[in-house]
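Undergrad: The following file, input16.cif, comprises mmCIF, C-alpha atoms:
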```cif
data_work
#
loop_
_atom_site.group_PDB
_atom_site.id
_atom_site.type_symbol
_atom_site.label_atom_id
_atom_site.label_comp_id
_atom_site.auth_asym_id
_atom_site.auth_seq_id
_atom_site.Cartn_x
_atom_site.Cartn_y
_atom_site.Cartn_z
ATOM 1 C CA MET A 27 6.657 -18.444 18.751
ATOM 2 C CA PRO A 28 4.939 -16.365 16.028
ATOM 3 C CA TYR A 29 6.930 -13.706 14.211
ATOM 4 C CA LYS A 30 5.924 -10.134 15.024
ATOM 5 C CA VAL A 31 4.973 -8.458 11.752
ATOM 6 C CA ALA A 32 4.385 -4.833 10.770
ATOM 7 C CA LEU A 33 2.710 -3.921 7.475
ATOM 8 C CA LEU A 34 2.893 -0.786 5.337
ATOM 9 C CA GLY A 35 1.000 -0.653 2.068
ATOM 10 C CA SER A 36 -2.367 -1.976 0.974
ATOM 11 C CA CYS A 37 -4.681 -4.971 0.960
ATOM 12 C CA THR A 38 -2.187 -6.796 -1.281
ATOM 13 C CA THR A 39 -0.082 -7.174 1.846
ATOM 14 C CA ARG A 40 -2.672 -7.023 4.621
ATOM 15 C CA ASP A 41 -4.811 -9.806 3.147
ATOM 16 C CA ILE A 42 -1.953 -12.276 3.292
ATOM 17 C CA PHE A 43 -2.602 -11.967 7.024
ATOM 18 C CA ASN A 44 -6.382 -12.106 6.862
ATOM 19 C CA SER A 45 -8.300 -15.116 8.161
ATOM 20 C CA LYS A 46 -10.666 -14.891 5.178
ATOM 21 C CA PHE A 47 -7.772 -15.961 2.948
ATOM 22 C CA ASN A 48 -5.335 -17.699 5.310
ATOM 23 C CA PRO A 49 -7.310 -19.047 8.286
ATOM 24 C CA ASP A 50 -4.259 -20.321 10.194
ATOM 25 C CA TYR A 51 -1.836 -17.415 9.668
ATOM 26 C CA LYS A 52 -1.913 -16.527 13.392
ATOM 27 C CA LYS A 53 -0.074 -19.762 14.171
ATOM 28 C CA TYR A 54 2.993 -18.237 12.547
ATOM 29 C CA PHE A 55 2.568 -14.443 12.552
ATOM 30 C CA THR A 56 1.225 -11.731 14.839
ATOM 31 C CA ILE A 57 0.399 -8.323 13.343
ATOM 32 C CA VAL A 58 1.741 -5.667 15.710
ATOM 33 C CA ALA A 59 1.482 -2.554 13.498
ATOM 34 C CA ASP A 60 -0.488 -1.974 10.324
ATOM 35 C CA GLN A 61 -0.768 1.040 8.032
ATOM 36 C CA GLN A 62 -2.787 0.947 4.826
ATOM 37 C CA HIS A 63 -3.382 3.507 2.069
ATOM 38 C CA MET A 64 -0.751 5.977 3.209
ATOM 39 C CA SER A 65 2.035 7.066 0.888
ATOM 40 C CA ILE A 66 5.681 6.791 1.920
ATOM 41 C CA VAL A 67 6.004 10.576 1.642
ATOM 42 C CA SER A 68 3.078 11.086 4.005
ATOM 43 C CA VAL A 69 4.409 8.524 6.488
ATOM 44 C CA MET A 70 7.673 10.443 6.769
ATOM 45 C CA SER A 71 6.092 13.919 6.946
ATOM 46 C CA SER A 72 5.095 16.099 9.882
ATOM 47 C CA PRO A 73 1.584 15.662 11.316
ATOM 48 C CA LEU A 74 -1.169 18.140 10.557
ATOM 49 C CA ASN A 75 -2.593 20.027 13.497
ATOM 50 C CA LEU A 76 -6.169 20.877 12.584
ATOM 51 C CA LYS A 77 -8.885 22.323 14.796
ATOM 52 C CA GLU A 78 -11.786 19.961 14.168
ATOM 53 C CA SER A 79 -11.198 16.453 15.521
ATOM 54 C CA LYS A 80 -14.518 14.874 14.539
ATOM 55 C CA ILE A 81 -14.563 13.309 11.077
ATOM 56 C CA ASN A 82 -17.897 13.060 9.280
ATOM 57 C CA GLY A 83 -18.659 12.117 5.698
ATOM 58 C CA ASP A 84 -19.879 9.511 3.254
ATOM 59 C CA VAL A 85 -17.039 6.984 3.616
ATOM 60 C CA THR A 86 -16.691 3.843 5.724
ATOM 61 C CA ASN A 87 -15.231 3.924 9.224
ATOM 62 C CA PHE A 88 -12.173 2.127 7.864
ATOM 63 C CA TYR A 89 -11.427 4.994 5.475
ATOM 64 C CA LYS A 90 -12.224 7.622 8.106
ATOM 65 C CA ASN A 91 -9.524 5.997 10.205
ATOM 66 C CA VAL A 92 -7.124 5.937 7.240
ATOM 67 C CA TYR A 93 -7.729 9.674 6.775
ATOM 68 C CA ARG A 94 -7.104 10.325 10.481
ATOM 69 C CA GLN A 95 -3.859 8.348 10.334
ATOM 70 C CA ASP A 96 -2.836 10.194 7.169
ATOM 71 C CA LEU A 97 -3.046 13.455 9.127
ATOM 72 C CA GLN A 98 -1.735 12.256 12.501
ATOM 73 C CA LYS A 99 1.134 10.213 11.066
ATOM 74 C CA ASP A 100 1.582 7.901 14.024
ATOM 75 C CA PHE A 101 2.785 4.826 12.128
ATOM 76 C CA LEU A 102 6.454 5.399 12.933
ATOM 77 C CA SER A 103 5.737 5.663 16.651
ATOM 78 C CA ARG A 104 3.599 2.504 16.510
ATOM 79 C CA LEU A 105 6.398 0.782 14.636
ATOM 80 C CA LYS A 106 9.015 1.800 17.180
ATOM 81 C CA GLN A 107 6.833 0.832 20.111
ATOM 82 C CA SER A 108 5.939 -2.612 18.720
ATOM 83 C CA GLN A 109 9.485 -3.579 17.601
ATOM 84 C CA PRO A 110 8.444 -6.092 14.908
ATOM 85 C CA ASP A 111 10.694 -8.827 13.600
ATOM 86 C CA ILE A 112 9.794 -7.937 10.030
ATOM 87 C CA LEU A 113 8.252 -4.985 8.205
ATOM 88 C CA ILE A 114 6.556 -5.892 4.918
ATOM 89 C CA ILE A 115 6.046 -3.054 2.441
ATOM 90 C CA ASP A 116 4.194 -2.713 -0.848
ATOM 91 C CA PHE A 117 4.075 0.438 -2.978
ATOM 92 C CA TYR A 118 0.482 0.326 -4.252
ATOM 93 C CA THR A 119 -0.509 3.591 -2.554
ATOM 94 C CA ASP A 120 2.482 5.483 -3.934
ATOM 95 C CA VAL A 121 1.892 4.183 -7.443
ATOM 96 C CA PHE A 122 -1.886 4.596 -7.641
ATOM 97 C CA TYR A 123 -2.333 7.810 -5.658
ATOM 98 C CA GLY A 124 0.892 9.692 -5.089
ATOM 99 C CA THR A 125 1.010 12.554 -2.604
ATOM 100 C CA LEU A 126 -0.238 16.092 -1.965
ATOM 101 C CA ALA A 127 1.753 19.010 -0.585
ATOM 102 C CA VAL A 128 -0.583 20.691 1.909
ATOM 103 C CA ASN A 129 -0.703 23.024 4.930
ATOM 104 C CA ASP A 130 2.481 23.988 6.744
ATOM 105 C CA GLY A 131 4.868 22.303 4.313
ATOM 106 C CA THR A 132 3.729 18.766 5.017
ATOM 107 C CA TYR A 133 2.247 16.023 2.820
ATOM 108 C CA ILE A 134 -0.714 13.666 2.770
ATOM 109 C CA THR A 135 -1.751 10.867 0.427
ATOM 110 C CA ASN A 136 -3.402 12.009 -2.804
ATOM 111 C CA LYS A 137 -6.862 10.563 -2.182
ATOM 112 C CA LYS A 138 -8.791 13.728 -2.993
ATOM 113 C CA TRP A 139 -11.622 11.805 -4.635
ATOM 114 C CA GLN A 140 -12.370 10.141 -1.286
ATOM 115 C CA TYR A 141 -11.246 12.798 1.156
ATOM 116 C CA LYS A 142 -13.535 15.365 -0.474
ATOM 117 C CA LYS A 143 -16.453 13.403 0.958
ATOM 118 C CA LEU A 144 -15.266 14.344 4.465
ATOM 119 C CA ASP A 145 -16.234 17.691 6.016
ATOM 120 C CA HIS A 146 -12.889 17.786 7.772
ATOM 121 C CA PHE A 147 -11.015 17.932 4.444
ATOM 122 C CA LYS A 148 -12.227 21.509 3.914
ATOM 123 C CA GLN A 149 -9.494 22.558 6.346
ATOM 124 C CA ILE A 150 -6.817 21.193 4.038
ATOM 125 C CA ASN A 151 -5.091 23.631 1.706
ATOM 126 C CA ILE A 152 -3.650 21.767 -1.285
ATOM 127 C CA GLU A 153 -0.473 23.419 -2.539
ATOM 128 C CA ASN A 154 0.735 20.886 -5.107
ATOM 129 C CA GLU A 155 0.208 17.358 -6.399
ATOM 130 C CA TYR A 156 2.869 14.714 -7.055
ATOM 131 C CA SER A 157 1.977 11.484 -8.808
ATOM 132 C CA ILE A 158 2.434 9.372 -11.903
ATOM 133 C CA TYR A 159 0.477 12.066 -13.798
ATOM 134 C CA ASN A 160 1.530 15.296 -12.094
ATOM 135 C CA ASN A 161 5.053 16.604 -11.455
ATOM 136 C CA THR A 162 6.373 13.108 -12.046
ATOM 137 C CA ASP A 163 10.100 13.873 -11.962
ATOM 138 C CA ALA A 164 9.709 15.832 -8.726
ATOM 139 C CA PHE A 165 7.546 13.014 -7.355
ATOM 140 C CA LEU A 166 10.264 10.418 -7.989
ATOM 141 C CA LYS A 167 12.867 12.552 -6.203
ATOM 142 C CA LEU A 168 10.487 13.190 -3.331
ATOM 143 C CA TRP A 169 9.613 9.500 -3.041
ATOM 144 C CA LYS A 170 13.250 8.362 -3.093
ATOM 145 C CA LYS A 171 14.270 10.854 -0.416
ATOM 146 C CA ASN A 172 11.444 9.797 1.872
ATOM 147 C CA PHE A 173 12.002 6.092 1.292
ATOM 148 C CA ASP A 174 15.662 6.611 2.174
ATOM 149 C CA ASP A 175 14.530 8.390 5.346
ATOM 150 C CA LEU A 176 12.240 5.466 6.198
ATOM 151 C CA ILE A 177 15.098 2.990 5.845
ATOM 152 C CA GLN A 178 17.302 5.096 8.094
ATOM 153 C CA TYR A 179 14.528 5.397 10.669
ATOM 154 C CA VAL A 180 14.070 1.630 10.781
ATOM 155 C CA ARG A 181 17.797 0.970 11.030
ATOM 156 C CA LEU A 182 18.172 3.457 13.855
ATOM 157 C CA ASN A 183 15.059 2.629 15.864
ATOM 158 C CA LEU A 184 14.369 -1.022 14.981
ATOM 159 C CA PRO A 185 17.819 -2.579 14.665
ATOM 160 C CA HIS A 186 16.482 -6.153 14.709
ATOM 161 C CA CYS A 187 13.725 -5.599 12.147
ATOM 162 C CA GLU A 188 14.074 -6.879 8.580
ATOM 163 C CA ILE A 189 12.295 -5.039 5.766
ATOM 164 C CA ILE A 190 10.752 -7.308 3.113
ATOM 165 C CA LEU A 191 9.212 -6.086 -0.138
ATOM 166 C CA ASN A 192 5.916 -7.469 -1.355
ATOM 167 C CA LYS A 193 6.324 -7.007 -5.118
ATOM 168 C CA THR A 194 2.662 -7.240 -6.100
ATOM 169 C CA LYS A 195 1.343 -5.568 -9.252
ATOM 170 C CA PHE A 196 -1.851 -4.531 -11.003
ATOM 171 C CA VAL A 197 -3.519 -7.349 -12.927
ATOM 172 C CA ASN A 198 -5.931 -6.712 -15.765
ATOM 173 C CA THR A 199 -7.305 -10.233 -15.944
ATOM 174 C CA GLY A 200 -10.517 -11.323 -14.280
ATOM 175 C CA LEU A 201 -12.378 -14.604 -14.073
ATOM 176 C CA LYS A 202 -16.127 -14.547 -14.708
ATOM 177 C CA ASN A 203 -18.270 -17.671 -15.038
ATOM 178 C CA GLY A 204 -15.119 -19.710 -15.566
ATOM 179 C CA GLN A 205 -13.906 -17.495 -18.426
ATOM 180 C CA GLN A 206 -10.983 -15.073 -18.500
ATOM 181 C CA VAL A 207 -11.997 -11.468 -19.142
ATOM 182 C CA VAL A 208 -10.228 -8.117 -19.441
ATOM 183 C CA LEU A 209 -10.857 -6.575 -16.046
ATOM 184 C CA SER A 210 -10.807 -2.927 -17.176
ATOM 185 C CA GLU A 211 -13.467 -3.695 -19.807
ATOM 186 C CA GLU A 212 -15.674 -5.413 -17.241
ATOM 187 C CA LEU A 213 -15.252 -2.606 -14.718
ATOM 188 C CA ASN A 214 -15.816 0.004 -17.435
ATOM 189 C CA ASP A 215 -13.784 2.530 -15.473
ATOM 190 C CA LYS A 216 -11.330 5.117 -16.776
ATOM 191 C CA TRP A 217 -8.382 2.720 -16.814
ATOM 192 C CA GLU A 218 -7.249 0.859 -19.911
ATOM 193 C CA ASN A 219 -4.469 -1.607 -20.611
ATOM 194 C CA PHE A 220 -1.859 1.089 -21.101
ATOM 195 C CA HIS A 221 -2.765 2.670 -17.749
ATOM 196 C CA ILE A 222 -2.258 -0.673 -16.016
ATOM 197 C CA ASP A 223 1.089 -1.133 -17.763
ATOM 198 C CA ARG A 224 2.123 2.364 -16.750
ATOM 199 C CA PHE A 225 1.257 1.756 -13.112
ATOM 200 C CA ASN A 226 3.290 -1.449 -13.140
ATOM 201 C CA ILE A 227 6.316 0.233 -14.720
ATOM 202 C CA LEU A 228 6.385 2.757 -11.885
ATOM 203 C CA TRP A 229 5.841 0.003 -9.319
ATOM 204 C CA ASP A 230 8.800 -1.920 -10.803
ATOM 205 C CA LEU A 231 10.921 1.215 -10.524
ATOM 206 C CA PHE A 232 10.097 1.620 -6.829
ATOM 207 C CA ASP A 233 10.677 -2.080 -6.138
ATOM 208 C CA THR A 234 13.998 -2.075 -7.975
ATOM 209 C CA TYR A 235 15.255 1.036 -6.206
ATOM 210 C CA ALA A 236 14.366 -0.331 -2.777
ATOM 211 C CA GLU A 237 15.582 -3.868 -3.413
ATOM 212 C CA TYR A 238 18.956 -3.103 -4.935
ATOM 213 C CA LYS A 239 19.929 0.001 -3.010
ATOM 214 C CA TYR A 240 19.203 -1.630 0.341
ATOM 215 C CA ASN A 241 19.652 -5.328 -0.491
ATOM 216 C CA LEU A 242 16.142 -6.189 0.662
ATOM 217 C CA ARG A 243 14.601 -9.609 0.391
ATOM 218 C CA HIS A 244 11.284 -9.795 -1.404
ATOM 219 C CA LEU A 245 8.160 -11.785 -2.134
ATOM 220 C CA ASP A 246 7.856 -12.388 -5.881
ATOM 221 C CA PHE A 247 4.678 -11.859 -7.875
ATOM 222 C CA ASP A 248 3.875 -13.685 -11.122
ATOM 223 C CA ILE A 249 1.544 -11.402 -13.061
ATOM 224 C CA ASN A 250 0.680 -14.228 -15.457
ATOM 225 C CA GLN A 251 -0.394 -16.559 -12.666
ATOM 226 C CA TYR A 252 -2.807 -14.338 -10.775
ATOM 227 C CA TYR A 253 -6.127 -12.719 -11.644
ATOM 228 C CA CYS A 254 -9.158 -11.184 -9.942
ATOM 229 C CA PRO A 255 -12.097 -13.560 -9.473
ATOM 230 C CA SER A 256 -15.580 -12.080 -9.788
ATOM 231 C CA ASP A 257 -16.442 -13.399 -6.313
ATOM 232 C CA HIS A 258 -13.509 -11.786 -4.512
ATOM 233 C CA PRO A 259 -14.684 -10.660 -1.025
ATOM 234 C CA TRP A 260 -13.744 -7.025 -1.749
ATOM 235 C CA GLY A 261 -15.112 -7.038 -5.298
ATOM 236 C CA TRP A 262 -13.393 -6.703 -8.641
ATOM 237 C CA PHE A 263 -10.281 -4.582 -8.697
ATOM 238 C CA TYR A 264 -6.788 -4.692 -10.148
ATOM 239 C CA VAL A 265 -5.076 -5.638 -6.868
ATOM 240 C CA HIS A 266 -7.635 -8.179 -5.631
ATOM 241 C CA TYR A 267 -6.300 -11.621 -6.450
ATOM 242 C CA ASN A 268 -7.332 -15.277 -6.600
ATOM 243 C CA GLN A 269 -6.884 -17.406 -3.497
ATOM 244 C CA GLU A 270 -3.687 -19.000 -4.809
ATOM 245 C CA PHE A 271 -1.837 -15.702 -4.359
ATOM 246 C CA TYR A 272 -2.631 -15.414 -0.641
ATOM 247 C CA SER A 273 -1.885 -19.072 0.113
ATOM 248 C CA LYS A 274 1.359 -19.228 -1.853
ATOM 249 C CA THR A 275 2.686 -15.900 -0.599
ATOM 250 C CA LEU A 276 2.164 -16.829 3.033
ATOM 251 C CA GLU A 277 3.991 -20.101 2.417
ATOM 252 C CA LYS A 278 6.825 -18.274 0.621
ATOM 253 C CA LEU A 279 7.240 -16.007 3.625
ATOM 254 C CA ARG A 280 7.317 -18.955 6.032
ATOM 255 C CA VAL A 281 9.991 -20.676 3.942
ATOM 256 C CA MET A 282 11.999 -17.436 3.667
ATOM 257 C CA LEU A 283 12.080 -16.969 7.431
ATOM 258 C CA ASP A 284 12.814 -20.591 8.395
#
```
As structure tokens, please, write out the structure in this file.

TA:
Amino acid sequence: MPYKVALLGSCTTRDIFNSKFNPDYKKYFTIVADQQHMSIVSVMSSPLNLKESKINGDVTNFYKNVYRQDLQKDFLSRLKQSQPDILIIDFYTDVFYGTLAVNDGTYITNKKWQYKKLDHFKQINIENEYSIYNNTDAFLKLWKKNFDDLIQYVRLNLPHCEIILNKTKFVNTGLKNGQQVVLSEELNDKWENFHIDRFNILWDLFDTYAEYKYNLRHLDFDINQYYCPSDHPWGWFYVHYNQEFYSKTLEKLRVMLD
């Protein structure tokens, strides 16, 4: 019988369970709850009660739904209702975006660059920003408190669920026409090598805190083995990997659970 799996994080975890990358994953796993692009702090915060329910703007329906979930904060209830065997977590969203303190003392994910494209976001009053670049010490304390709260919630409400860390990282290597390239140079975005290193240092800190404080099992990630191919289905980005990652990680998980 397939394991019931819940996911919290990003495409680095969700795409392990995507038929584009692992066509037969459903033989072994059933996804019963999934939350992407929502920070740990937001997950554990109170929902926002805003007047306008319709969400319009120049983003895909997927990201409109992410925004709605970021405000409604229903992941914990979905988690409790579905009672998964395992909950797999990655910290991409916390590392790359951080969190915003907003209306009524609650928090949402710091995706201002995208949320500003939504008319609904005009109702949001931003009070403070916590991330790798802003209020970093306060952000770390805030993140640790809310991760601790998440662990306690799972232990209380999902006593048979195991939490597993997916310790993925940013890669700055791409493959183009059979040649290795520096991904940030090809993308020509605002990130450089030292930004990528900085993101990964914070990600290591989160992984280490979670793993050692709570004795969590994990899925390893070899940053020297993986890269982003130019023909990746979602395009070039620092957390889009070559096929080997998705195949090997699914197999690692199967072996871990046997």

Undergrad: List the spatial neighbours of Tyr141 of chain A as a list in words - criterion: any atom at most 10 Å away, only C-alpha atoms, same-chain residues fewer than 5 positions off excluded.

TA: Gly83, Asp84, Val85, Tyr89, Lys90, Tyr93, Thr135, Asn136, His146, Phe147, Lys148 and Ile150 of chain A

Undergrad: Could you state the separation of atom CA of Ile190 of chain A and atom CA of Ala127 of chain A in Å, given to one decimal place?

TA: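 Atom CA of Ala127 of chain A lies 28.1 Å from atom CA of Ile190 of chain A.
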
Undergrad: What is the distance between atom CA of Asp116 of chain A and atom CA of Asn192 of chain A, in Å to one decimal?

TA: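 Between atom CA of Asp116 of chain A and atom CA of Asn192 of chain A the gap works out to 5.1 Å.
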
Undergrad: Using all atoms listed in the file, which of A:Cys187, A:Ile158, A:Val128, A:Ile115 sits nearest Lys30 of chain A?

TA: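 Checking each of A:Cys187, A:Ile158, A:Val128, A:Ile115 against Lys30 of chain A, counting all atoms listed in the file, the winner is A:Cys187.
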
Undergrad: I'd like to see the residues matched by the PyMOL selection byres ((chain A and resi 118) around 8) on this file, and ideally I'd get them as number ranges by chain.

TA: A: 35-36, 116-117, 119-122, 195, 229

Undergrad: Considering only C-alpha atoms, return as a PyMOL selection string whatever protein or nucleic-acid residues lie within 9 Å of segment 70-74 of chain A, sequence-local ones (same chain, fewer than 4 positions apart) excluded.

TA: chain A and resi 65-66+96-100+102+129-134+172-173+175-176

Undergrad: Would you translate the PyMOL selection byres ((chain A and resi 191) around 9) into the concrete set of residues it matches in this file, as an MDAnalysis selection string?

TA: chainID A and resid 113:117 189:190 192:194 233 236:237 242:246

Undergrad: Take every atom of segment 194-207 of chain A listed in the file, pad by 5 Å on each side, and give me the axis-aligned box centre and edge lengths in Å, one decimal, as JSON.

TA:
```
{"center_x": -7.8, "center_y": -12.1, "center_z": -12.6, "size_x": 30.9, "size_y": 25.2, "size_z": 23.0}
```

Undergrad: Excluding Asp60 of chain A and its own-chain neighbours fewer than 2 positions away, which residues fall within 7 Å of it when counting all atoms listed in the file? Please give them as a list in words.

TA: Ala32, Leu33, Leu34, Val58 and Gln62 of chain A

Undergrad: What's the separation between atom CA of Ser108 of chain A and atom CA of Ala59 of chain A, in Å to one decimal place?

TA: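 Between atom CA of Ser108 of chain A and atom CA of Ala59 of chain A the gap works out to 6.9 Å.
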
Undergrad: Extract, using all atoms listed in the file, all DNA, RNA and protein residues at most 12 Å from Val208 of chain A, discarding same-chain residues fewer than 6 positions from it, and format them as a ChimeraX atom specification.

TA: /A:197-202,214-215,217-219,222,253-256,262-264

Undergrad: Using only C-alpha atoms, which residue out of A:Tyr240, A:Leu76, A:Pro28, A:Val207 lies closest to Asp50 of chain A?

TA: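 Nearest to Asp50 of chain A: A:Pro28.
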
Undergrad: Check the smallest atom-to-atom distance from each of A:Thr39, A:Asn48, A:Thr162, A:Gln206 to His266 of chain A using all atoms listed in the file, then report the winner.

TA: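 Closest candidate: A:Thr39.
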
Undergrad: Which one of A:Leu213, A:Ile42, A:Met27, A:Cys37 sits closest to Leu276 of chain A if you count only C-alpha atoms?

TA: A:Ile42

Undergrad: Using all atoms listed in the file, find the one residue out of A:Lys137, A:Lys171, A:Arg280, A:His186 that sits nearest to Tyr51 of chain A.

TA: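 Once distances to Tyr51 of chain A are computed over all atoms listed in the file, the minimum belongs to A:Arg280.
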
Undergrad: Run the PyMOL selection byres ((chain A and resi 274) around 12) against the file shown and list the residues it catches, as a PyMOL selection string.

TA: chain A and resi 42+47-48+245-248+251-252+267-273+275-281
